[in-house]
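This is model34.txt. It holds compact mmCIF, C-alpha atoms.
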# COMPACT_ATOMS: atom_id res chain seq x y z
CA MET A 1 86.61 11.72 100.12
CA GLN A 2 89.74 9.63 100.52
CA THR A 3 87.69 6.42 100.25
CA LEU A 4 85.95 7.60 97.09
CA PHE A 5 88.85 9.09 95.13
CA ARG A 6 92.07 7.88 96.80
CA PRO A 7 94.48 10.63 95.77
CA TRP A 8 98.04 9.82 96.79
CA ILE A 9 98.51 13.27 98.35
CA TRP A 10 96.22 15.91 99.75
CA SER A 11 98.22 19.12 99.44
CA TYR A 12 99.05 21.24 102.43
CA ASP A 13 96.66 24.19 102.50
CA TYR A 14 99.19 26.90 101.77
CA TYR A 15 97.37 30.06 100.73
CA PRO A 16 99.43 32.67 98.86
CA ILE A 17 97.16 35.74 99.01
CA LYS A 18 97.26 37.75 102.25
CA ASP A 19 96.69 41.23 103.58
CA LYS A 20 99.86 42.94 104.72
CA VAL A 21 99.97 43.14 108.52
CA GLU A 22 102.16 45.64 110.34
CA HIS A 23 102.27 45.95 114.14
CA GLY A 24 99.16 43.86 114.58
CA SER A 25 96.97 45.80 112.17
CA ILE A 26 96.07 45.40 108.50
CA VAL A 27 97.59 47.81 106.00
CA ILE A 28 94.66 49.14 103.99
CA GLY A 29 94.94 48.15 100.34
CA GLY A 30 98.02 46.08 101.07
CA THR A 31 97.11 42.70 99.59
CA LYS A 32 100.14 40.70 98.48
CA THR A 33 100.61 37.42 96.62
CA ASP A 34 103.45 35.06 97.54
CA TYR A 35 104.32 33.73 94.10
CA GLU A 36 107.67 32.21 95.00
CA LYS A 37 106.49 29.85 97.75
CA PHE A 38 103.16 29.09 96.08
CA TYR A 39 104.63 27.96 92.77
CA GLY A 40 107.55 26.30 94.50
CA TYR A 41 105.03 24.34 96.56
CA LEU A 42 103.00 23.32 93.49
CA GLY A 43 106.20 22.33 91.67
CA LEU A 44 107.15 20.09 94.60
CA TYR A 45 103.88 18.16 94.36
CA GLN A 46 104.06 17.98 90.59
CA ASP A 47 107.60 16.62 90.62
CA PHE A 48 106.90 14.03 93.33
CA THR A 49 103.68 12.69 91.85
CA LYS A 50 105.18 12.48 88.35
CA LYS A 51 108.10 10.45 89.68
CA ILE A 52 105.92 7.88 91.43
CA GLY A 53 103.10 7.87 88.87
CA SER A 54 100.44 9.09 91.30
CA GLU A 55 98.27 12.20 91.65
CA PHE A 56 97.60 14.99 94.10
CA TRP A 57 94.62 17.10 95.08
CA ALA A 58 95.02 20.77 96.00
CA TYR A 59 93.25 23.05 98.45
CA GLY A 60 91.85 26.40 97.38
CA MET A 61 91.42 29.15 99.97
CA CYS A 62 87.74 30.09 100.17
CA MET A 63 87.45 31.72 103.60
CA ALA A 64 88.30 35.14 104.93
CA HIS A 65 90.07 34.47 108.22
CA GLU A 66 92.51 35.97 110.69
CA PHE A 67 95.40 34.29 112.45
CA TYR A 68 96.45 35.61 115.88
CA GLU A 69 99.36 35.01 118.24
CA ASP A 70 97.06 33.54 120.89
CA LYS A 71 93.53 33.47 122.23
CA THR A 72 93.71 36.98 123.64
CA TRP A 73 92.99 38.14 120.07
CA THR A 74 95.25 41.16 120.52
CA LYS A 75 98.15 40.51 118.15
CA LEU A 76 97.25 39.76 114.55
CA LYS A 77 99.82 37.69 112.62
CA ASP A 78 98.13 37.07 109.26
CA SER A 79 94.95 38.18 107.59
CA PHE A 80 93.48 36.35 104.61
CA PRO A 81 91.00 38.61 102.79
CA THR A 82 87.61 37.66 101.41
CA PRO A 83 88.39 35.70 98.23
CA THR A 84 87.55 37.46 95.00
CA GLU A 85 86.59 35.60 91.86
CA GLY A 86 90.10 36.25 90.55
CA SER A 87 91.91 35.02 93.65
CA LEU A 88 89.85 31.82 93.70
CA ARG A 89 90.62 31.28 90.03
CA PHE A 90 94.32 32.02 90.56
CA GLU A 91 94.77 29.28 93.15
CA VAL A 92 92.72 26.52 91.57
CA PHE A 93 93.78 27.00 87.95
CA SER A 94 97.43 27.29 88.99
CA ALA A 95 97.08 23.95 90.78
CA LEU A 96 95.39 22.34 87.77
CA LEU A 97 98.16 23.61 85.49
CA TYR A 98 100.66 21.93 87.80
CA GLY A 99 98.84 18.61 87.47
CA ALA A 100 96.35 18.57 90.35
CA GLN A 101 93.57 16.07 89.68
CA GLY A 102 91.13 17.46 92.21
CA ILE A 103 90.32 20.71 94.01
CA VAL A 104 89.01 20.79 97.59
CA TYR A 105 87.74 23.54 99.91
CA TYR A 106 86.74 24.03 103.51
CA ARG A 107 83.15 25.13 102.96
CA TYR A 108 82.11 26.05 106.50
CA GLY A 109 83.39 28.65 108.94
CA LEU A 110 85.91 27.54 111.53
CA GLY A 111 83.94 26.56 114.62
CA ILE A 112 85.07 25.93 118.18
CA SER A 113 87.20 22.83 118.63
CA ALA A 114 86.73 20.10 121.24
CA ALA A 115 89.84 21.35 123.05
CA GLU A 116 88.44 24.87 123.19
CA ALA A 117 85.10 23.64 124.42
CA ALA A 118 86.83 21.81 127.27
CA ASP A 119 89.00 24.81 128.14
CA PRO A 120 86.81 27.90 128.67
CA ASP A 121 89.81 30.08 129.58
CA LYS A 122 91.49 29.06 126.33
CA LYS A 123 94.80 28.49 128.12
CA GLY A 124 97.05 26.05 126.33
CA VAL A 125 94.75 25.92 123.31
CA VAL A 126 96.77 25.99 120.11
CA GLY A 127 93.93 27.07 117.82
CA ASN A 128 94.00 30.84 117.25
CA THR A 129 92.16 31.39 114.00
CA LYS A 130 89.00 33.43 113.53
CA CYS A 131 86.74 32.88 110.55
CA VAL A 132 85.54 36.21 109.16
CA LEU A 133 83.47 34.94 106.22
CA ALA A 134 82.99 31.48 104.72
CA PRO A 135 81.01 30.15 101.74
CA LEU A 136 78.50 28.58 104.14
CA SER A 137 77.49 29.31 107.71
CA CYS A 138 74.97 27.66 110.01
CA GLU A 139 72.36 29.28 112.23
CA VAL A 140 71.23 26.86 114.94
CA GLU A 141 67.96 27.38 116.79
CA LYS A 142 67.44 25.61 120.13
CA ASN A 143 64.48 25.29 122.47
CA SER A 144 64.36 25.95 126.20
CA GLU A 145 65.77 22.49 126.86
CA ASN A 146 68.78 23.23 124.65
CA ALA A 147 67.67 20.77 121.99
CA ILE A 148 68.22 21.72 118.35
CA ILE A 149 64.92 22.42 116.63
CA ASN A 150 66.09 24.07 113.41
CA VAL A 151 69.29 24.59 111.38
CA THR A 152 69.46 27.26 108.67
CA ILE A 153 72.26 27.32 106.12
CA HIS A 154 73.38 30.72 104.83
CA LYS A 155 75.30 31.13 101.56
CA SER A 156 77.66 34.08 101.26
CA ILE A 157 79.05 35.92 98.24
CA ILE A 158 82.01 33.53 98.35
CA TRP A 159 79.63 30.64 97.62
CA GLU A 160 78.44 32.37 94.45
CA ARG A 161 82.01 33.08 93.36
CA LEU A 162 83.01 29.47 93.98
CA LYS A 163 80.02 28.29 92.00
CA LYS A 164 81.14 30.33 89.00
CA VAL A 165 84.80 29.29 89.15
CA ASN A 166 83.89 25.64 89.68
CA GLY A 167 81.67 25.87 86.63
CA GLU A 168 84.71 27.01 84.63
CA ILE A 169 86.72 24.05 85.92
CA LYS A 170 83.91 21.65 85.02
CA ALA A 171 83.66 23.04 81.49
CA PHE A 172 87.31 22.20 80.82
CA GLN A 173 87.79 19.15 83.02
CA LYS A 174 88.43 16.94 79.98
CA ILE A 175 91.67 18.85 79.46
CA PHE A 176 92.84 18.49 83.04
CA LEU A 177 91.69 14.98 84.00
CA ARG A 178 94.49 12.45 83.44
CA CYS A 179 96.63 15.10 81.74
CA ASN A 180 100.42 14.95 81.58
CA VAL A 181 101.99 18.29 82.51
CA LYS A 182 105.27 18.62 80.63
CA GLY A 183 106.73 22.01 81.55
CA HIS A 184 106.25 25.67 82.42
CA ARG A 185 107.64 29.04 81.43
CA GLN A 186 106.99 32.49 82.77
CA TYR A 187 106.81 35.44 80.40
CA PRO A 188 107.28 38.66 82.39
CA TYR A 189 105.73 41.98 81.55
CA SER A 190 107.11 44.19 78.79
CA ASN A 191 106.52 47.93 78.54
CA GLY A 192 104.38 47.71 81.65
CA ALA A 193 104.31 49.75 84.84
CA THR A 194 104.39 46.82 87.27
CA THR A 195 107.52 45.00 88.34
CA ASN A 196 107.66 41.52 86.86
CA ILE A 197 107.87 38.45 89.07
CA GLU A 198 111.36 37.09 88.80
CA THR A 199 110.92 34.43 91.47
CA ILE A 200 108.75 32.09 89.39
CA LYS A 201 110.90 29.57 87.59
CA ARG A 202 111.02 30.46 83.91
CA TYR A 203 112.01 26.94 82.95
CA GLU A 204 110.78 23.71 84.44
CA GLY A 205 110.52 20.48 82.49
CA ASP A 206 109.92 20.13 78.75
CA ILE A 207 108.92 23.44 77.14
CA SER A 208 109.44 22.43 73.49
CA ASP A 209 105.69 22.64 72.75
CA ILE A 210 105.59 26.18 74.15
CA ASP A 211 108.45 27.32 71.92
CA GLU A 212 106.99 25.63 68.84
CA CYS A 213 103.45 26.99 69.02
CA ILE A 214 103.50 30.54 70.41
CA GLU A 215 105.62 33.68 70.46
CA ILE A 216 104.76 36.32 73.04
CA ALA A 217 105.33 39.84 71.71
CA LYS A 218 104.19 41.93 74.68
CA CYS A 219 102.64 41.35 78.05
CA TYR A 220 101.54 43.64 80.85
CA GLY A 221 100.77 43.48 84.56
CA TYR A 222 102.61 40.59 86.22
CA GLY A 223 103.02 38.66 82.99
CA VAL A 224 101.72 35.21 82.12
CA LEU A 225 102.48 31.60 82.99
CA LEU A 226 102.74 29.23 80.01
CA THR A 227 102.16 25.53 80.67
CA SER A 228 102.59 22.61 78.28
CA LEU A 229 100.39 19.53 78.78
CA THR A 230 99.09 16.57 76.80
CA ASN A 231 96.02 14.34 77.03
CA SER A 232 94.66 11.37 75.10
CA GLN A 233 91.50 11.76 73.00
CA SER A 234 88.70 9.26 72.51
CA ASN A 235 89.93 8.65 68.94
CA GLY A 236 93.30 7.50 70.27
CA LYS A 237 95.17 10.62 69.18
CA LEU A 238 97.34 12.59 71.58
CA ARG A 239 96.27 16.19 71.97
CA HIS A 240 98.85 18.80 72.91
CA TYR A 241 97.90 21.94 74.84
CA VAL A 242 99.69 25.11 75.82
CA ALA A 243 97.86 27.17 78.45
CA ILE A 244 98.50 30.90 78.79
CA MET A 245 97.41 32.22 82.21
CA ASN A 246 97.29 35.78 83.60
CA LEU A 247 99.43 35.83 86.76
CA ASP A 248 97.54 38.73 88.35
CA PRO A 249 94.73 37.57 90.67
CA PHE A 250 93.13 41.02 90.78
CA LYS A 251 93.57 42.85 87.47
CA ASN A 252 93.13 42.30 83.75
CA THR A 253 96.27 41.67 81.72
CA ALA A 254 96.78 42.24 77.99
CA VAL A 255 99.01 39.78 76.14
CA GLN A 256 100.07 40.18 72.52
CA PHE A 257 101.20 37.02 70.75
CA ARG A 258 101.79 35.33 67.42
CA LEU A 259 100.47 31.81 66.90
CA LYS A 260 103.12 29.63 65.25
CA LYS A 261 101.29 26.30 65.50
CA GLY A 262 97.91 24.93 66.58
CA ASN A 263 94.45 26.38 67.15
CA ILE A 264 93.20 28.80 69.78
CA LEU A 265 90.74 27.44 72.34
CA PRO A 266 89.36 30.54 74.09
CA ILE A 267 87.74 30.44 77.52
CA TYR A 268 84.92 32.87 78.11
CA PRO A 269 84.56 34.98 80.16
CA HIS A 270 88.32 34.69 80.83
CA ILE A 271 88.99 36.67 77.66
CA VAL A 272 87.68 40.18 78.29
CA SER A 273 88.54 41.50 74.82
CA PHE A 274 90.18 40.31 71.62
CA GLY A 275 91.97 42.18 68.87
CA SER A 276 94.33 41.45 66.01
CA GLY A 277 96.76 43.44 63.99
CA GLY A 278 99.08 42.08 61.31
CA THR A 279 100.46 38.76 62.49
CA ASN A 280 99.73 39.40 66.17
CA ASN A 281 96.68 38.65 68.33
CA THR A 282 95.90 40.54 71.52
CA PHE A 283 93.87 38.96 74.31
CA THR A 284 92.95 40.84 77.46
CA LEU A 285 92.54 38.24 80.18
CA CYS A 286 90.47 38.67 83.33
CA PRO A 287 92.17 38.18 86.74
CA ALA A 288 93.92 34.77 86.60
CA GLY A 289 92.14 34.09 83.31
CA LEU A 290 93.59 31.80 80.65
CA PHE A 291 93.19 30.35 77.17
CA PHE A 292 94.56 27.28 75.39
CA ILE A 293 96.32 26.47 72.16
CA TYR A 294 95.86 22.87 70.96
CA TRP A 295 96.74 20.43 68.20
CA ASP A 296 96.60 16.65 67.64
CA VAL A 297 99.34 14.17 66.85
Representation of the structure as structure tokens:
Amino acid sequence: MQTLFRPWIWSYDYYPIKDKVEHGSIVIGGTKTDYEKFYGYLGLYQDFTKKIGSEFWAYGMCMAHEFYEDKTWTKLKDSFPTPTEGSLRFEVFSALLYGAQGIVYYRYGLGISAAEAADPDKKGVVGNTKCVLAPLSCEVEKNSENAIINVTIHKSIIWERLKKVNGEIKAFQKIFLRCNVKGHRQYPYSNGATTNIETIKRYEGDISDIDECIEIAKCYGYGVLLTSLTNSQSNGKLRHYVAIMNLDPFKNTAVQFRLKKGNILPIYPHIVSFGSGGTNNTFTLCPAGLFFIYWDV
């Protein structure tokens, strides 16, 4: 992959969505999203690669896995749940909106390492991660002489979810490839029941396009992330985009807005429903769903 595409940086695989773990056990229904570190981490890569004129590729978490204190498998430290369509979308589209030029995944379950194979008692082995479910798994059939005679590949529900989300990325890759990300702004919820996320930076970079083209009237759930980016068209004109993304990886979010400039580029099925009243539009976005506003200069 490095030989083919040569990105300057492969991002560290920091995954923001975890199950809450207390006293070595998972709290049922306790999934949490670490917005502060995740967006801080993406902002770090964006800032660095913009300064040196390079690009970065980002990892998306596509495996359910558990992280233990050691190989006794008795004390659970972290649990990463089976990725939903929304959580997959949240990670990869967030990275793209921070300027990532490629998305990568570990497709197969975490197998035994060479160190583990050489140490049957698992003493001194650092690896302490169990794969629960991966997009792909292998079933190996051997004969009586221990020679491999057949390998069967199994595709899980995660594979199908990845296939759908990757199809969404592919449909809009002309926006993201070679784009210039200018700035970001968070719009927190209004009149909603959920606490807004104050830890995401509300201002980073140039947000003049955001202010000129859209006015958010109301937003629910965790709010939305607005990102300003530009890209060159085949006719030589510069196209400006503002992306509006639902910050909730698991639930729909309604956003009411007035368009001050540009044209709406909807993404289906990201937009669950659409309505309008007076000068305002209302889009209900699926988990981590988004739409664009665009215009040419």
Review point. Quick one: residues within 7 Å of stretch 266-274 of chain A, all atoms listed in the file counted, chain neighbours fewer than 4 positions away excluded, as a list of chain:residue names?
Key: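 Counting all atoms listed in the file, the residues come to A:Thr282, A:Phe283, A:Thr284, A:Leu285, A:Cys286, A:Gly289, A:Leu290, A:Phe291, A:Phe292.
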Contacts of stretch 124-224 of chain A with stretch 45-48 of chain A up to 12 Å, shortest pair per row, all atoms listed in the file, as a Markdown table:
| residue | atom | partner | partner_atom | distance |
| --- | --- | --- | --- | --- |
| A:Cys179 | CA | A:Gln46 | CA | 11.9 |
| A:Asn180 | CA | A:Gln46 | CA | 10.2 |
| A:Val181 | CA | A:Gln46 | CA | 8.3 |
| A:Lys182 | CA | A:Gln46 | CA | 10.1 |
| A:Gly183 | CA | A:Gln46 | CA | 10.3 |
| A:His184 | CA | A:Gln46 | CA | 11.4 |
| A:Glu204 | CA | A:Asp47 | CA | 9.9 |
| A:Gly205 | CA | A:Asp47 | CA | 9.5 |
Contacts between stretch 81-99 of chain A and stretch 200-274 of chain A, please, where a residue of stretch 200-274 of chain A counts if it comes within 12 Å (with only C-alpha atoms); show its shortest atom pair and distance in Å to one decimal, rows by chain and ascending number, as a tab-separated table.
residue	atom	partner	partner_atom	distance
A:Glu204	CA	A:Tyr98	CA	10.8
A:Gly205	CA	A:Tyr98	CA	11.3
A:Val224	CA	A:Ser94	CA	11.3
A:Leu225	CA	A:Ser94	CA	8.9
A:Leu226	CA	A:Leu97	CA	9.1
A:Thr227	CA	A:Leu97	CA	6.6
A:Ser228	CA	A:Leu97	CA	8.5
A:Leu229	CA	A:Leu97	CA	8.2
A:Thr230	CA	A:Gly99	CA	10.9
A:Asn231	CA	A:Gly99	CA	11.6
A:Tyr241	CA	A:Leu97	CA	10.8
A:Val242	CA	A:Leu97	CA	9.9
A:Ala243	CA	A:Leu97	CA	7.9
A:Ile244	CA	A:Leu97	CA	9.9
A:Met245	CA	A:Ser94	CA	8.4
A:Asn246	CA	A:Phe90	CA	8.4
A:Leu247	CA	A:Phe90	CA	7.4
A:Asp248	CA	A:Phe90	CA	7.8
A:Pro249	CA	A:Gly86	CA	4.8
A:Phe250	CA	A:Gly86	CA	5.7
A:Lys251	CA	A:Gly86	CA	8.1
A:Asn252	CA	A:Gly86	CA	9.6
A:Pro269	CA	A:Gly86	CA	11.8
A:His270	CA	A:Gly86	CA	10.0
Review point. Using only C-alpha atoms, which residue out of A:Lys155, A:Arg178, A:Lys20, A:Arg258 lies closest to A:Leu76?
Key: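 Comparing A:Lys155, A:Arg178, A:Lys20, A:Arg258 against A:Leu76, the winner is A:Lys20.
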Exercise for review: Please provide as a VMD selection string all residues within 9 Å of A:Ser11, with the sequence filter that same-chain residues fewer than 6 positions apart are discarded (counting all atoms listed in the file).
Suggested key: chain A and resid 42 45 56 to 59
Could you dump the residues just selected with C-alpha atoms as a tab-separated table (two decimals), keeping the file's coordinate frame?
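Printed below is out-v5.tsv as written:
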chain	number	residue	atom	x	y	z
A	42	LEU	CA	103.00	23.32	93.49
A	45	TYR	CA	103.88	18.16	94.36
A	56	PHE	CA	97.60	14.99	94.10
A	57	TRP	CA	94.62	17.10	95.08
A	58	ALA	CA	95.02	20.77	96.00
A	59	TYR	CA	93.25	23.05	98.45
Practice item. Name all residues at most 9 Å from A:Glu141 (count all atoms listed in the file; drop same-chain ones fewer than 4 positions away) and give them as number ranges by chain. Key: A: 146-152
Practice item. Give the answer as one residue: which of A:Val132, A:Val165, A:Leu238, A:Ile293 has the shortest atom-to-atom distance to A:Phe257, using only C-alpha atoms? Key: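 Comparing A:Val132, A:Val165, A:Leu238, A:Ile293 against A:Phe257, the winner is A:Ile293.
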Give me the box for stretch 148-153 of chain A as JSON, namely the centre and edge lengths in Å to one decimal of a box along x, y and z that holds every listed atom plus 8 Å on each side.
{"center_x": 68.6, "center_y": 24.5, "center_z": 112.2, "size_x": 23.3, "size_y": 21.6, "size_z": 28.2}
Practice item. Name the residues in contact with A:Lys130 at a cut-off of 12 Å, using only C-alpha atoms, excluding same-chain residues fewer than 5 positions from it; report them as a list in words. Key: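 Here the answer would be Met63, Ala64, His65, Glu66, Phe67, Tyr68, Glu69, Asp70, Lys71, Thr72, Trp73, Leu76, Lys77, Asp78, Ser79, Phe80, Gly109, Leu110, Gly111, Ile112 and Ser113 of chain A.
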Practice item. Tell me, in Å to one decimal, how far atom CA of A:Asp19 is from atom CA of A:Met61. Key: 13.7 Å
**Study point:** Contacts of stretch 16-18 of chain A at 6 Å (all atoms listed in the file; same-chain gap of 3+ positions) as a PyMOL selection string
**Key:** chain A and resi 31-34+38+79-80
Review point. Closest to A:Ile52 among A:Lys37, A:Glu22, A:Thr74, A:Ile9, using all atoms listed in the file?
Key: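 Answer, going by the shortest atom-to-atom distance: A:Ile9.
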Point to revise | Distance in Å - atom CA of A:Val297 versus atom CA of A:Glu212 | key: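 Value for the atom CA of A:Val297-atom CA of A:Glu212 distance: 13.9 Å.
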Using the atoms already present, construct N, CA, C and O atoms for stretch 169-181 of chain A and hand them back as a PDB file, keeping the file's coordinate frame.
ATOM      1  N   ILE A 169      85.911  25.272  85.822  1.00  0.00           N
ATOM      2  CA  ILE A 169      86.720  24.050  85.920  1.00  0.00           C
ATOM      3  C   ILE A 169      85.980  22.887  85.258  1.00  0.00           C
ATOM      4  O   ILE A 169      86.556  22.124  84.471  1.00  0.00           O
ATOM      5  N   LYS A 170      84.701  22.756  85.558  1.00  0.00           N
ATOM      6  CA  LYS A 170      83.910  21.650  85.020  1.00  0.00           C
ATOM      7  C   LYS A 170      83.852  21.697  83.494  1.00  0.00           C
ATOM      8  O   LYS A 170      83.915  20.664  82.825  1.00  0.00           O
ATOM      9  N   ALA A 171      83.761  22.902  82.939  1.00  0.00           N
ATOM     10  CA  ALA A 171      83.660  23.040  81.490  1.00  0.00           C
ATOM     11  C   ALA A 171      84.908  22.556  80.776  1.00  0.00           C
ATOM     12  O   ALA A 171      84.848  22.141  79.614  1.00  0.00           O
ATOM     13  N   PHE A 172      86.050  22.588  81.457  1.00  0.00           N
ATOM     14  CA  PHE A 172      87.310  22.200  80.820  1.00  0.00           C
ATOM     15  C   PHE A 172      87.991  21.042  81.540  1.00  0.00           C
ATOM     16  O   PHE A 172      89.197  20.853  81.411  1.00  0.00           O
ATOM     17  N   GLN A 173      87.192  20.246  82.274  1.00  0.00           N
ATOM     18  CA  GLN A 173      87.790  19.150  83.020  1.00  0.00           C
ATOM     19  C   GLN A 173      88.366  18.057  82.111  1.00  0.00           C
ATOM     20  O   GLN A 173      89.294  17.337  82.504  1.00  0.00           O
ATOM     21  N   LYS A 174      87.876  17.957  80.880  1.00  0.00           N
ATOM     22  CA  LYS A 174      88.430  16.940  79.980  1.00  0.00           C
ATOM     23  C   LYS A 174      89.885  17.238  79.619  1.00  0.00           C
ATOM     24  O   LYS A 174      90.628  16.328  79.258  1.00  0.00           O
ATOM     25  N   ILE A 175      90.274  18.502  79.699  1.00  0.00           N
ATOM     26  CA  ILE A 175      91.670  18.850  79.460  1.00  0.00           C
ATOM     27  C   ILE A 175      92.530  18.436  80.639  1.00  0.00           C
ATOM     28  O   ILE A 175      93.624  17.886  80.473  1.00  0.00           O
ATOM     29  N   PHE A 176      92.026  18.675  81.848  1.00  0.00           N
ATOM     30  CA  PHE A 176      92.840  18.490  83.040  1.00  0.00           C
ATOM     31  C   PHE A 176      92.855  17.052  83.556  1.00  0.00           C
ATOM     32  O   PHE A 176      93.885  16.589  84.071  1.00  0.00           O
ATOM     33  N   LEU A 177      91.735  16.340  83.455  1.00  0.00           N
ATOM     34  CA  LEU A 177      91.690  14.980  84.000  1.00  0.00           C
ATOM     35  C   LEU A 177      92.630  14.067  83.230  1.00  0.00           C
ATOM     36  O   LEU A 177      92.581  13.994  82.006  1.00  0.00           O
ATOM     37  N   ARG A 178      93.506  13.397  83.984  1.00  0.00           N
ATOM     38  CA  ARG A 178      94.490  12.450  83.440  1.00  0.00           C
ATOM     39  C   ARG A 178      95.469  13.114  82.470  1.00  0.00           C
ATOM     40  O   ARG A 178      96.029  12.458  81.593  1.00  0.00           O
ATOM     41  N   CYS A 179      95.690  14.412  82.615  1.00  0.00           N
ATOM     42  CA  CYS A 179      96.630  15.100  81.740  1.00  0.00           C
ATOM     43  C   CYS A 179      98.072  14.835  82.195  1.00  0.00           C
ATOM     44  O   CYS A 179      98.322  14.444  83.337  1.00  0.00           O
ATOM     45  N   ASN A 180      99.006  15.059  81.289  1.00  0.00           N
ATOM     46  CA  ASN A 180     100.420  14.950  81.580  1.00  0.00           C
ATOM     47  C   ASN A 180     101.037  16.342  81.429  1.00  0.00           C
ATOM     48  O   ASN A 180     101.147  16.859  80.323  1.00  0.00           O
ATOM     49  N   VAL A 181     101.392  16.965  82.549  1.00  0.00           N
ATOM     50  CA  VAL A 181     101.990  18.290  82.510  1.00  0.00           C
ATOM     51  C   VAL A 181     103.469  18.145  82.193  1.00  0.00           C
ATOM     52  O   VAL A 181     104.210  17.466  82.896  1.00  0.00           O
TER      53      VAL A 181
END
